[in-house]
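To be precise, the following lines are data.cif, and they hold mmCIF, C-alpha atoms and all ligand atoms.
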data_model
#
loop_
_atom_site.label_atom_id
_atom_site.label_comp_id
_atom_site.auth_asym_id
_atom_site.auth_seq_id
_atom_site.Cartn_x
_atom_site.Cartn_y
_atom_site.Cartn_z
CA MET A 201 15.51 47.26 -48.91
CA PRO A 202 18.70 48.74 -47.47
CA ARG A 203 19.88 46.71 -44.51
CA THR A 204 22.12 47.66 -41.59
CA LEU A 205 23.79 44.96 -39.54
CA GLN A 206 22.96 45.06 -35.84
CA ASP A 207 25.58 44.72 -33.10
CA VAL A 208 25.15 41.45 -31.22
CA VAL A 209 25.90 41.01 -27.51
CA PHE A 210 26.19 38.20 -24.98
CA VAL A 211 23.87 39.13 -22.12
CA ASP A 212 24.08 36.30 -19.63
CA GLY A 213 24.86 32.61 -19.45
CA VAL A 214 24.47 29.79 -16.96
CA ARG A 215 25.19 26.11 -16.76
CA THR A 216 24.37 23.15 -14.62
CA PRO A 217 27.14 21.68 -12.52
CA PHE A 218 28.75 19.04 -14.74
CA GLY A 219 28.44 15.40 -13.71
CA LYS A 220 30.33 12.20 -14.38
CA ALA A 221 28.51 10.06 -16.92
CA GLY A 222 27.48 6.62 -15.75
CA ASP A 223 25.50 4.86 -13.06
CA LYS A 224 27.33 6.58 -10.21
CA GLY A 225 27.10 10.10 -11.65
CA ILE A 226 24.94 12.81 -10.10
CA TYR A 227 22.63 12.88 -13.12
CA ALA A 228 22.42 9.12 -13.64
CA GLN A 229 18.62 9.22 -13.39
CA THR A 230 18.01 12.82 -14.43
CA ARG A 231 16.63 13.55 -17.89
CA ALA A 232 18.86 15.40 -20.35
CA ASP A 233 16.14 17.84 -21.40
CA ASP A 234 15.49 18.76 -17.77
CA LEU A 235 19.10 19.91 -17.47
CA VAL A 236 18.83 22.46 -20.26
CA ILE A 237 15.31 23.52 -19.24
CA LYS A 238 16.72 24.33 -15.81
CA CYS A 239 19.29 26.60 -17.45
CA ILE A 240 16.70 28.45 -19.54
CA ARG A 241 14.46 28.99 -16.52
CA GLU A 242 17.39 30.33 -14.54
CA LEU A 243 18.24 32.80 -17.31
CA LEU A 244 14.66 34.09 -17.27
CA ARG A 245 14.71 34.32 -13.47
CA ARG A 246 18.02 36.21 -13.43
CA ASN A 247 16.92 38.66 -16.11
CA PRO A 248 13.44 39.70 -14.96
CA THR A 249 13.34 42.80 -17.20
CA LEU A 250 13.33 40.54 -20.26
CA PRO A 251 9.68 39.89 -21.21
CA LYS A 252 9.27 36.20 -22.01
CA ASP A 253 7.44 36.92 -25.23
CA LYS A 254 10.42 38.96 -26.46
CA VAL A 255 12.55 35.80 -26.73
CA GLU A 256 12.22 35.08 -30.44
CA GLU A 257 14.24 31.89 -30.88
CA VAL A 258 15.58 29.03 -28.78
CA ALA A 259 18.46 27.08 -30.36
CA ILE A 260 19.62 24.10 -28.33
CA ALA A 261 22.45 21.77 -29.33
CA ALA A 262 22.91 18.09 -28.64
CA THR A 263 25.20 15.67 -30.41
CA THR A 264 22.99 12.64 -29.95
CA GLN A 265 19.53 13.82 -30.91
CA ILE A 266 17.42 10.91 -29.78
CA GLY A 267 15.26 10.17 -26.75
CA ASP A 268 15.34 12.98 -24.22
CA GLN A 269 17.80 14.87 -26.42
CA GLY A 270 15.64 14.50 -29.53
CA LEU A 271 12.30 15.72 -30.82
CA THR A 272 13.49 19.19 -31.82
CA LEU A 273 14.79 19.86 -28.36
CA GLY A 274 15.01 23.64 -28.75
CA ARG A 275 11.28 23.91 -29.31
CA LEU A 276 10.30 21.48 -26.56
CA ALA A 277 12.73 23.04 -24.11
CA ALA A 278 11.22 26.45 -24.86
CA LEU A 279 7.73 25.18 -24.06
CA LEU A 280 8.86 23.32 -20.95
CA SER A 281 10.78 26.37 -19.71
CA GLY A 282 7.62 28.42 -19.47
CA LEU A 283 8.16 30.49 -22.58
CA PRO A 284 4.94 31.32 -24.45
CA ASN A 285 4.06 28.90 -27.23
CA THR A 286 4.68 31.69 -29.73
CA VAL A 287 8.45 31.29 -29.15
CA PRO A 288 9.96 28.95 -31.77
CA GLY A 289 12.94 26.69 -31.27
CA TYR A 290 15.18 24.22 -33.05
CA SER A 291 18.05 21.82 -32.49
CA VAL A 292 21.67 22.12 -33.53
CA ASP A 293 24.40 19.55 -33.98
CA ARG A 294 28.05 20.34 -34.56
CA MET A 295 29.32 17.81 -32.04
CA CYS A 296 31.48 19.53 -29.39
CA ALA A 297 30.74 22.95 -30.88
CA GLY A 298 26.97 22.55 -30.76
CA ALA A 299 26.31 25.35 -28.29
CA MET A 300 28.98 27.50 -29.95
CA THR A 301 27.15 27.02 -33.24
CA ALA A 302 23.79 27.73 -31.60
CA VAL A 303 25.23 31.07 -30.45
CA THR A 304 26.73 31.99 -33.83
CA ASN A 305 23.53 30.94 -35.61
CA VAL A 306 21.24 33.12 -33.53
CA ALA A 307 23.82 35.92 -33.46
CA SER A 308 23.88 35.95 -37.24
CA ALA A 309 20.09 36.05 -37.40
CA ILE A 310 20.11 38.95 -34.94
CA ALA A 311 22.79 40.79 -36.91
CA PHE A 312 20.69 40.30 -40.06
CA GLY A 313 17.66 41.76 -38.30
CA ALA A 314 15.50 38.64 -38.38
CA TYR A 315 14.96 38.99 -34.64
CA ASP A 316 16.46 40.66 -31.58
CA ILE A 317 16.66 38.25 -28.65
CA ALA A 318 17.37 34.53 -28.55
CA ILE A 319 18.39 31.81 -26.15
CA ALA A 320 21.17 29.46 -27.25
CA GLY A 321 22.69 26.54 -25.42
CA GLY A 322 23.38 22.86 -25.41
CA VAL A 323 23.12 19.66 -23.48
CA GLU A 324 24.83 16.32 -23.51
CA HIS A 325 23.99 13.49 -21.19
CA MET A 326 26.80 11.15 -22.11
CA GLY A 327 25.53 8.66 -19.56
CA ARG A 328 22.12 8.32 -21.14
CA HIS A 329 23.54 8.84 -24.63
CA PRO A 330 27.07 7.48 -24.93
CA MET A 331 29.22 8.86 -27.73
CA GLY A 332 28.37 7.09 -30.96
CA GLU A 333 24.93 5.88 -29.82
CA GLY A 334 22.87 4.91 -32.85
CA VAL A 335 25.38 6.15 -35.41
CA ASP A 336 25.54 4.49 -38.78
CA PRO A 337 28.46 5.98 -40.69
CA ASN A 338 28.34 5.37 -44.41
CA PRO A 339 30.92 2.60 -44.97
CA ARG A 340 32.20 4.48 -48.00
CA ILE A 341 33.79 7.07 -45.72
CA ILE A 342 36.33 4.39 -44.82
CA ALA A 343 36.10 2.19 -47.95
CA ASP A 344 36.77 5.14 -50.24
CA LYS A 345 39.64 6.14 -47.95
CA LEU A 346 38.07 9.55 -47.31
CA VAL A 347 39.31 9.21 -43.73
CA ASP A 348 41.40 6.81 -41.72
CA PRO A 349 39.28 4.69 -39.31
CA SER A 350 40.97 6.50 -36.40
CA ALA A 351 39.18 9.69 -37.46
CA LEU A 352 35.96 8.48 -35.89
CA VAL A 353 37.46 7.94 -32.42
CA MET A 354 38.28 11.28 -30.83
CA GLY A 355 40.95 9.89 -28.50
CA SER A 356 42.69 8.29 -31.48
CA THR A 357 42.74 11.61 -33.30
CA ALA A 358 44.49 13.03 -30.23
CA GLU A 359 47.09 10.26 -30.43
CA ASN A 360 47.53 11.15 -34.12
CA LEU A 361 48.22 14.72 -33.06
CA HIS A 362 51.03 13.49 -30.83
CA ASP A 363 52.49 11.73 -33.89
CA ARG A 364 52.17 14.90 -35.95
CA PHE A 365 53.82 17.10 -33.31
CA PRO A 366 56.43 15.10 -31.39
CA ALA A 367 57.31 18.19 -29.34
CA LEU A 368 53.92 17.79 -27.65
CA THR A 369 55.11 15.15 -25.19
CA LYS A 370 52.97 13.30 -22.67
CA GLU A 371 54.81 15.15 -19.89
CA ARG A 372 53.77 18.52 -21.33
CA CYS A 373 50.20 17.29 -21.63
CA ASP A 374 50.16 15.98 -18.07
CA ALA A 375 51.61 19.24 -16.76
CA PHE A 376 48.95 21.19 -18.67
CA ALA A 377 46.25 18.90 -17.21
CA ILE A 378 47.50 19.56 -13.69
CA GLY A 379 47.41 23.28 -14.43
CA SER A 380 43.78 22.88 -15.46
CA GLN A 381 42.92 21.11 -12.21
CA ASP A 382 44.81 23.68 -10.12
CA LYS A 383 43.27 26.68 -11.85
CA LEU A 384 39.73 25.31 -11.53
CA ALA A 385 40.30 24.58 -7.83
CA ALA A 386 41.59 28.13 -7.32
CA ALA A 387 38.64 29.58 -9.23
CA TYR A 388 36.20 27.60 -7.08
CA ALA A 389 38.00 28.70 -3.90
CA ALA A 390 37.73 32.32 -5.04
CA GLY A 391 34.02 31.90 -5.80
CA LYS A 392 34.41 32.58 -9.52
CA ILE A 393 32.60 29.53 -10.87
CA GLN A 394 29.58 29.37 -8.56
CA PRO A 395 27.69 32.52 -9.67
CA ASP A 396 26.85 30.99 -13.04
CA LEU A 397 25.94 27.51 -11.83
CA VAL A 398 22.29 26.63 -11.52
CA PRO A 399 21.65 24.01 -8.83
CA VAL A 400 19.78 20.96 -10.11
CA ALA A 401 17.49 18.77 -8.03
CA THR A 402 18.23 15.13 -8.76
CA ARG A 403 16.27 12.01 -8.04
CA HIS A 404 17.57 8.46 -7.90
CA VAL A 405 15.54 5.35 -7.10
CA ASP A 406 18.16 4.13 -4.62
CA LYS A 407 19.74 7.38 -3.38
CA GLY A 408 16.58 9.48 -3.20
CA TRP A 409 16.56 13.23 -3.76
CA GLY A 410 19.75 15.23 -4.13
CA LEU A 411 20.92 18.69 -5.14
CA ALA A 412 23.78 19.10 -7.60
CA THR A 413 25.56 22.34 -6.73
CA THR A 414 29.13 21.75 -7.84
CA ASP A 415 31.02 20.00 -10.65
CA GLU A 416 31.63 16.32 -10.06
CA PRO A 417 34.61 15.57 -12.38
CA PRO A 418 37.40 17.78 -10.90
CA ARG A 419 40.32 16.04 -9.23
CA PRO A 420 42.05 18.86 -7.34
CA GLY A 421 45.52 18.08 -6.12
CA THR A 422 46.38 15.76 -9.01
CA THR A 423 50.16 15.38 -9.35
CA MET A 424 52.48 14.38 -12.19
CA ALA A 425 53.06 11.10 -10.38
CA ASP A 426 49.29 10.43 -10.32
CA LEU A 427 49.15 10.84 -14.08
CA ALA A 428 52.38 9.12 -15.02
CA ASN A 429 51.11 5.56 -15.15
CA LEU A 430 47.49 5.92 -16.19
CA LYS A 431 46.35 3.62 -18.98
CA THR A 432 46.44 4.90 -22.56
CA PRO A 433 43.08 3.57 -23.75
CA PHE A 434 43.34 4.74 -27.33
CA ARG A 435 46.69 3.14 -28.21
CA PRO A 436 49.11 0.76 -26.48
CA HIS A 437 51.96 2.84 -25.06
CA GLY A 438 50.22 5.99 -26.24
CA ASN A 439 50.08 9.44 -24.68
CA VAL A 440 46.40 10.19 -24.13
CA THR A 441 45.00 9.17 -20.74
CA ALA A 442 41.96 9.83 -18.59
CA GLY A 443 44.14 12.39 -16.81
CA ASN A 444 45.04 14.58 -19.80
CA ALA A 445 41.72 14.28 -21.64
CA ALA A 446 38.27 15.60 -20.90
CA GLY A 447 36.05 12.90 -19.48
CA LEU A 448 32.61 11.54 -20.26
CA ASN A 449 30.13 13.95 -18.69
CA ASP A 450 26.54 15.11 -18.30
CA GLY A 451 25.54 18.77 -18.27
CA ALA A 452 23.84 21.68 -19.97
CA THR A 453 24.33 25.37 -20.68
CA ALA A 454 22.26 28.27 -22.00
CA CYS A 455 22.75 31.97 -22.67
CA ILE A 456 20.88 35.04 -23.85
CA ILE A 457 22.09 36.62 -27.08
CA ALA A 458 20.60 39.95 -28.12
CA SER A 459 20.99 42.93 -30.36
CA GLN A 460 22.67 45.83 -28.58
CA ALA A 461 19.49 47.84 -29.21
CA ALA A 462 17.26 45.23 -27.54
CA ALA A 463 19.66 44.93 -24.61
CA ASP A 464 19.40 48.69 -24.15
CA GLU A 465 15.61 48.65 -24.51
CA TYR A 466 15.07 45.95 -21.87
CA GLY A 467 17.82 47.05 -19.51
CA LEU A 468 19.87 43.89 -20.03
CA GLN A 469 23.49 43.98 -18.93
CA VAL A 470 25.97 43.44 -21.77
CA LYS A 471 28.79 41.05 -20.88
CA MET A 472 30.48 40.78 -24.30
CA ARG A 473 30.07 42.08 -27.86
CA LEU A 474 30.48 39.65 -30.74
CA VAL A 475 33.39 40.62 -32.98
CA SER A 476 33.76 37.68 -35.38
CA TRP A 477 33.55 33.93 -35.64
CA ALA A 478 34.68 31.12 -37.91
CA PHE A 479 34.26 27.40 -38.36
CA VAL A 480 36.64 25.47 -40.60
CA GLY A 481 37.32 21.90 -41.67
CA VAL A 482 40.65 20.09 -41.23
CA GLU A 483 41.83 16.52 -41.76
CA PRO A 484 39.44 14.42 -39.64
CA GLU A 485 42.35 12.26 -38.42
CA VAL A 486 43.79 15.26 -36.56
CA MET A 487 40.59 17.05 -35.64
CA GLY A 488 42.34 18.62 -32.64
CA ILE A 489 44.21 21.03 -34.89
CA GLY A 490 40.90 22.62 -35.93
CA PRO A 491 41.11 25.64 -33.59
CA VAL A 492 44.27 26.84 -35.38
CA PRO A 493 42.79 27.66 -38.81
CA ALA A 494 39.48 28.61 -37.18
CA THR A 495 41.27 31.20 -35.05
CA GLU A 496 43.29 32.46 -37.99
CA LYS A 497 40.11 32.93 -40.00
CA ALA A 498 38.20 34.63 -37.16
CA LEU A 499 41.15 36.97 -36.50
CA ALA A 500 41.44 37.84 -40.20
CA LYS A 501 37.70 38.54 -40.40
CA ALA A 502 38.04 40.88 -37.43
CA GLY A 503 41.18 42.59 -38.71
CA LEU A 504 42.98 41.52 -35.53
CA THR A 505 46.11 39.52 -34.79
CA ILE A 506 46.73 36.99 -32.05
CA ASP A 507 48.60 39.72 -30.14
CA ASP A 508 45.34 41.67 -29.80
CA ILE A 509 43.80 38.85 -27.77
CA GLY A 510 44.16 39.36 -24.03
CA LEU A 511 42.18 36.36 -22.76
CA PHE A 512 41.63 32.90 -24.16
CA ASP A 513 39.02 30.44 -22.91
CA LEU A 514 39.71 27.31 -24.92
CA ASN A 515 38.02 23.96 -24.77
CA GLU A 516 40.29 21.25 -23.44
CA ALA A 517 39.01 18.15 -25.20
CA PHE A 518 42.57 16.87 -24.93
CA ALA A 519 45.64 18.62 -23.56
CA VAL A 520 47.53 17.84 -26.77
CA GLN A 521 45.07 19.77 -28.95
CA VAL A 522 45.23 22.88 -26.76
CA LEU A 523 49.02 22.72 -26.78
CA ALA A 524 49.03 22.32 -30.57
CA MET A 525 47.15 25.60 -30.79
CA LEU A 526 49.31 27.39 -28.23
CA ASP A 527 52.53 26.21 -29.94
CA HIS A 528 51.24 27.36 -33.29
CA PHE A 529 50.68 30.87 -31.99
CA GLY A 530 53.87 30.95 -29.90
CA ILE A 531 51.99 31.03 -26.59
CA ALA A 532 53.53 29.32 -23.56
CA ASP A 533 51.83 26.23 -22.09
CA ASP A 534 51.24 28.13 -18.83
CA ASP A 535 50.47 31.56 -20.28
CA PRO A 536 48.31 33.35 -17.70
CA ARG A 537 45.92 34.62 -20.41
CA VAL A 538 44.82 31.05 -21.17
CA ASN A 539 42.01 29.24 -19.33
CA LYS A 540 42.27 31.26 -16.14
CA TYR A 541 39.56 29.18 -14.47
CA GLY A 542 40.92 25.86 -15.73
CA GLY A 543 39.21 23.91 -18.46
CA ALA A 544 37.36 20.84 -19.57
CA ILE A 545 40.07 18.44 -18.41
CA ALA A 546 39.12 19.43 -14.88
CA THR A 547 35.53 20.60 -15.13
CA GLY A 548 34.24 18.11 -17.71
CA HIS A 549 33.06 18.34 -21.29
CA PRO A 550 29.44 17.39 -21.94
CA LEU A 551 30.01 17.71 -25.68
CA ALA A 552 27.39 19.99 -27.22
CA SER A 553 27.00 22.10 -24.08
CA SER A 554 30.58 23.27 -23.64
CA GLY A 555 30.76 26.25 -25.99
CA VAL A 556 28.57 28.40 -23.75
CA ARG A 557 30.61 27.45 -20.67
CA LEU A 558 33.67 28.89 -22.41
CA MET A 559 31.80 32.07 -23.30
CA ASN A 560 30.45 32.57 -19.83
CA GLN A 561 33.87 32.14 -18.26
CA LEU A 562 35.36 34.61 -20.71
CA ALA A 563 32.62 37.10 -19.82
CA ARG A 564 33.49 36.79 -16.12
CA GLN A 565 37.17 37.29 -16.89
CA PHE A 566 36.35 40.40 -18.94
CA GLU A 567 34.76 41.91 -15.81
CA GLU A 568 37.96 41.28 -13.88
CA HIS A 569 40.21 42.58 -16.66
CA PRO A 570 38.96 45.89 -18.05
CA GLU A 571 42.44 46.39 -19.55
CA VAL A 572 41.75 43.52 -21.97
CA ARG A 573 39.81 44.53 -25.04
CA TYR A 574 39.44 41.26 -26.94
CA GLY A 575 39.03 37.64 -25.87
CA LEU A 576 38.62 34.42 -27.74
CA ASN A 577 36.90 31.05 -27.40
CA ALA A 578 38.02 28.14 -29.54
CA MET A 579 37.33 24.45 -29.70
CA CYS A 580 38.11 21.40 -31.78
CA ILE A 581 35.20 19.51 -33.28
CA GLY A 582 34.68 15.88 -34.29
CA ILE A 583 35.08 14.76 -37.89
CA GLY A 584 37.77 17.35 -38.32
CA MET A 585 36.59 20.87 -37.61
CA GLY A 586 37.49 23.85 -35.50
CA GLY A 587 35.48 26.78 -34.21
CA CYS A 588 36.50 30.20 -32.90
CA VAL A 589 34.52 33.16 -31.59
CA ILE A 590 36.09 36.53 -30.77
CA TRP A 591 34.45 38.93 -28.31
CA GLU A 592 35.00 42.51 -27.19
CA ASN A 593 35.04 43.51 -23.53
CA PRO A 594 32.43 46.18 -22.68
CA HIS A 595 34.50 47.17 -19.63
CA HIS A 596 37.40 48.31 -21.83
CA ALA A 597 37.91 52.06 -22.23
CA ASP A 598 37.79 51.82 -26.05
CA TYR A 599 34.73 49.54 -26.17
CA GLY A 600 32.78 50.01 -29.35
CA LYS A 601 35.34 52.33 -30.92
CA GLU A 602 37.08 51.45 -34.16
CA ALA A 603 40.02 49.08 -33.51
C1 LIG B 701 39.89 8.84 -21.62
C2 LIG B 701 38.63 8.06 -21.31
C3 LIG B 701 38.51 6.84 -22.26
C4 LIG B 701 38.73 7.57 -19.86
O1 LIG B 701 37.55 6.95 -19.52
P1 LIG B 701 37.41 6.11 -18.17
O2 LIG B 701 38.39 4.98 -18.21
O3 LIG B 701 35.98 5.80 -17.98
O4 LIG B 701 37.89 7.19 -17.12
P2 LIG B 701 38.00 7.11 -15.55
O5 LIG B 701 37.49 8.38 -14.99
O6 LIG B 701 37.42 5.82 -15.07
O7 LIG B 701 39.56 7.11 -15.34
C5 LIG B 701 40.36 5.99 -15.65
C6 LIG B 701 41.35 5.80 -14.54
O8 LIG B 701 42.19 6.94 -14.49
C7 LIG B 701 42.15 7.48 -13.17
N1 LIG B 701 42.26 8.95 -13.29
C8 LIG B 701 41.59 9.74 -14.13
N2 LIG B 701 41.96 11.03 -13.93
C9 LIG B 701 42.87 11.04 -12.96
C10 LIG B 701 43.57 12.04 -12.30
N3 LIG B 701 43.47 13.34 -12.63
N4 LIG B 701 44.42 11.67 -11.31
C11 LIG B 701 44.56 10.40 -10.97
N5 LIG B 701 43.90 9.37 -11.56
C12 LIG B 701 43.06 9.70 -12.54
C13 LIG B 701 40.82 7.05 -12.61
O9 LIG B 701 40.86 7.02 -11.20
C14 LIG B 701 40.68 5.67 -13.16
O10 LIG B 701 41.47 4.78 -12.39
P3 LIG B 701 40.99 3.25 -12.14
O11 LIG B 701 41.00 2.63 -13.52
O12 LIG B 701 42.03 2.74 -11.24
O13 LIG B 701 39.63 3.36 -11.57
C15 LIG B 701 37.36 8.92 -21.46
O14 LIG B 701 37.33 9.90 -20.46
C16 LIG B 701 37.27 9.57 -22.82
O15 LIG B 701 36.92 8.91 -23.80
N6 LIG B 701 37.55 10.88 -22.90
C17 LIG B 701 37.49 11.60 -24.14
C18 LIG B 701 36.10 12.07 -24.39
C19 LIG B 701 35.96 12.63 -25.77
O16 LIG B 701 36.41 12.07 -26.75
N7 LIG B 701 35.32 13.77 -25.88
C20 LIG B 701 35.16 14.43 -27.15
C21 LIG B 701 36.33 15.24 -27.41
S1 LIG B 701 36.40 15.72 -29.10
#
Rewritten as structure tokens:
Amino acid sequence: MPRTLQDVVFVDGVRTPFGKAGDKGIYAQTRADDLVIKCIRELLRRNPTLPKDKVEEVAIAATTQIGDQGLTLGRLAALLSGLPNTVPGYSVDRMCAGAMTAVTNVASAIAFGAYDIAIAGGVEHMGRHPMGEGVDPNPRIIADKLVDPSALVMGSTAENLHDRFPALTKERCDAFAIGSQDKLAAAYAAGKIQPDLVPVATRHVDKGWGLATTDEPPRPGTTMADLANLKTPFRPHGNVTAGNAAGLNDGATACIIASQAAADEYGLQVKMRLVSWAFVGVEPEVMGIGPVPATEKALAKAGLTIDDIGLFDLNEAFAVQVLAMLDHFGIADDDPRVNKYGGAIATGHPLASSGVRLMNQLARQFEEHPEVRYGLNAMCIGIGMGGCVIWENPHHADYGKEA
């Protein structure tokens, strides 16, 4: 049967406010699955022209797939979100790029023509499910010297990146981290973050009921002096600190991905068109370099160069890994095209959820910048991977035309 690929578009995305993991965090006694269910319900509420039975897949990512993040979360979240029981769902794990992978998975199925509309997202409650919970790595991965033991500790891989690229000094990382805090604070002040946050009712046996309406991790007003003497938990006299790394966080995201034809049919607004994507593997000891070859591959697949990209929304797992990417492509640390609303260092990084936060922020920036045709999301991924997704701006004059 002859087959024509369908154009795939990002329709809408939301997230919960991100919380600090741990007993004092806003979501300390909130279930992980409830966070992502809240996001799916909000998407359905915000897009009332989308019939619920026209959602044909729900792909939800979580890194730790046990307890309230287990049991084929995508399917259970679909049921608990009020979607008809005819809507299937599944779970995804690619660590930090879980939600990014959920999006590219369903996008590929849509392009292939398997279905037309899907919900993709992710959740990580790092308080209820600390990194590494229940893992049992095969000892041969170390014994056979497939990787250095540092490869399994993300902060240590960031220290390794400092060794690899001595030009990426702690001062540059701290300055980048302050930029992230400042840009997020400015974005909040300008009301750019709030429209895509879904408030979450919280309950705590001691504190009672609460309403999470804003991110908990940001530390606006952080200075270089504040960061100068923070501990370096991953190596004595190292460079990676709580100030220039993303923290340990709780949160969820979800988005609607559709064929262009289905978006037209149901009157859904198109925020971005998918151009290309790539995931690659790198040495696990320096997983933070992953976005570099991933971006090169995604650009090559699209027939674009880095100069064609007008906006970048990059995950900030660690300042050093973002700077490694920017240096590689000859982009300044404070280039105004990069992370306009700040990044994970300020806002938090609930692992598997973050990819959709990046996409949603890029979509908002596309609205503000019709002169930009292409934008890019990229992230590093545990055990040595990188992911990149390139999008086209529907507000650009040449949208949809041949590049
Ligand atoms: C770096 C890390 C270990 C820090 O964890 P933590 O010690 O629980 O972090 P905290 O928030 O308690 O911060 C530690 C200290 O730094 C201080 N601090 C953090 N950010 C700061 C800032 N911007 N300005 C000033 N002080 C700051 C805190 O106040 C705290 O001080 P205290 O010890 O006096 O209380 C943890 O956030 C981490 O592992 N991050 C990486 C997560 C990760 O690997 N993700 C996957 C990526 S691939």
Exercise for review: May I ask which of the residues A:Asp374, A:Asp415, A:Glu567, A:Glu483 is the closest one to ligand LIG 701 (chain B), counting only C-alpha atoms and all ligand atoms?
Suggested key: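 Selected residue with least distance to ligand LIG 701 (chain B): A:Asp374.
Of the listed residues (A:Leu430, A:Met201, A:Ala386, A:Ala446), A:Ala446 comes nearest to A:Pro550; the distances count all atoms listed in the file.
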Exercise for review: Return as a list in words every polymer residue, whether protein, DNA or RNA, with at least one atom no more than 7 Å from an atom of ligand LIG 701 (chain B); count only C-alpha atoms and all ligand atoms.
Suggested key: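 Every residue with an atom at most 7 Å from ligand LIG 701 (chain B) is listed here: Cys296, Met354, Gly355, Arg419, Thr422, Asp426, Leu427, Leu430, Lys431, Pro433, Thr441, Ala442, Gly443, Ala445, Ala446, Gly447, Leu448, Ala517, Phe518, His549, Leu551, Cys580, Ile581 and Gly582 of chain A.
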Go ahead and save the picked residues with C-alpha atoms, as a compact mmCIF listing (two decimals), keeping the file's coordinate frame.
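selection30.txt written:
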# COMPACT_ATOMS: atom_id res chain seq x y z
CA CYS A 296 31.48 19.53 -29.39
CA MET A 354 38.28 11.28 -30.83
CA GLY A 355 40.95 9.89 -28.50
CA ARG A 419 40.32 16.04 -9.23
CA THR A 422 46.38 15.76 -9.01
CA ASP A 426 49.29 10.43 -10.32
CA LEU A 427 49.15 10.84 -14.08
CA LEU A 430 47.49 5.92 -16.19
CA LYS A 431 46.35 3.62 -18.98
CA PRO A 433 43.08 3.57 -23.75
CA THR A 441 45.00 9.17 -20.74
CA ALA A 442 41.96 9.83 -18.59
CA GLY A 443 44.14 12.39 -16.81
CA ALA A 445 41.72 14.28 -21.64
CA ALA A 446 38.27 15.60 -20.90
CA GLY A 447 36.05 12.90 -19.48
CA LEU A 448 32.61 11.54 -20.26
CA ALA A 517 39.01 18.15 -25.20
CA PHE A 518 42.57 16.87 -24.93
CA HIS A 549 33.06 18.34 -21.29
CA LEU A 551 30.01 17.71 -25.68
CA CYS A 580 38.11 21.40 -31.78
CA ILE A 581 35.20 19.51 -33.28
CA GLY A 582 34.68 15.88 -34.29
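You can rank A:Ala343, A:Leu523, A:Met326, A:Val306 by their closest distance to A:Val492 using all atoms listed in the file, and at the top of that list sits A:Leu523.
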Review point. Of the candidates A:Leu205, A:Val486, A:Leu576, A:Leu526, which one gets nearest to A:Val347 if we count all atoms listed in the file?
Key: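 Checking each of A:Leu205, A:Val486, A:Leu576, A:Leu526 against A:Val347, counting all atoms listed in the file, the winner is A:Val486.
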Review point. A:Phe529, A:Trp591, A:Tyr388, A:Phe479: which is nearest A:Ala297, counting all atoms listed in the file?
Key: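 When distances to A:Ala297 are compared using all atoms listed in the file, the smallest one comes from A:Phe479.
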Practice item. Name the closest residue to A:Val400 among the candidates A:Gln565, A:Ser553, A:Thr272, A:Thr216; distances are taken between atoms, counting all atoms listed in the file. Key: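 Among A:Gln565, A:Ser553, A:Thr272, A:Thr216, it is A:Thr216 that comes nearest to A:Val400.
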Practice item. Neighbourhood query: residues within 10 Å of (18.6, 8.2, -17.9), file coordinates, counting all atoms listed in the file; return as a ChimeraX atom specification. Key: /A:222-223,227-232,267-268,325-329
Practice item. May I ask for the distance between atom CA of A:Cys455 and atom CA of A:Glu257, given in Å to one decimal place? Key: 11.8 Å
Practice item. Please measure the separation of atom CA of A:Leu397 and atom CA of A:Ala454, giving the value in Å to one decimal. Key: 10.8 Å
Exercise for review: Around the point (52.1, 25.4, -20.3) in the file's coordinates, collect all residues with an atom within 9 Å, using only C-alpha atoms, and return them as a VMD selection string.
Suggested key: chain A and resid 372 to 373 375 to 376 379 523 526 531 to 535
Practice item. Between atom CA of A:Thr249 and atom CA of A:Asp513, measure the distance and give it in Å to one decimal. Key: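 Calculated distance between atom CA of A:Thr249 and atom CA of A:Asp513 is 29.1 Å.
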Point to revise | Residues near stretch 279-281 of chain A, cut-off 6 Å, only C-alpha atoms, skip fewer than 3 positions along chain, as an NGL selection string | key: :A and (237 or 241 or 276)
Please produce a file of those selected residues containing C-alpha atoms, as a PDB file, in the coordinates of the input.
ATOM      1  CA  ILE A 237      15.310  23.520 -19.240  1.00  0.00           C
ATOM      2  CA  ARG A 241      14.460  28.990 -16.520  1.00  0.00           C
ATOM      3  CA  LEU A 276      10.300  21.480 -26.560  1.00  0.00           C
TER       4      LEU A 276
END
Exercise for review: Can you pull out every residue within 9 Å of A:Ala277, counting all atoms listed in the file, but drop anything in the same chain fewer than 5 positions away, and send it as a VMD selection string?
Suggested key: chain A and resid 233 to 234 236 to 237 240 258 260 272 282 to 283 289
**Study point:** Polymer residues at most 9 Å from A:Leu499, only C-alpha atoms, same-chain spacing of 5 or more positions, as a PyMOL selection string
**Key:** chain A and resi 476-478+494+504-506+588+590
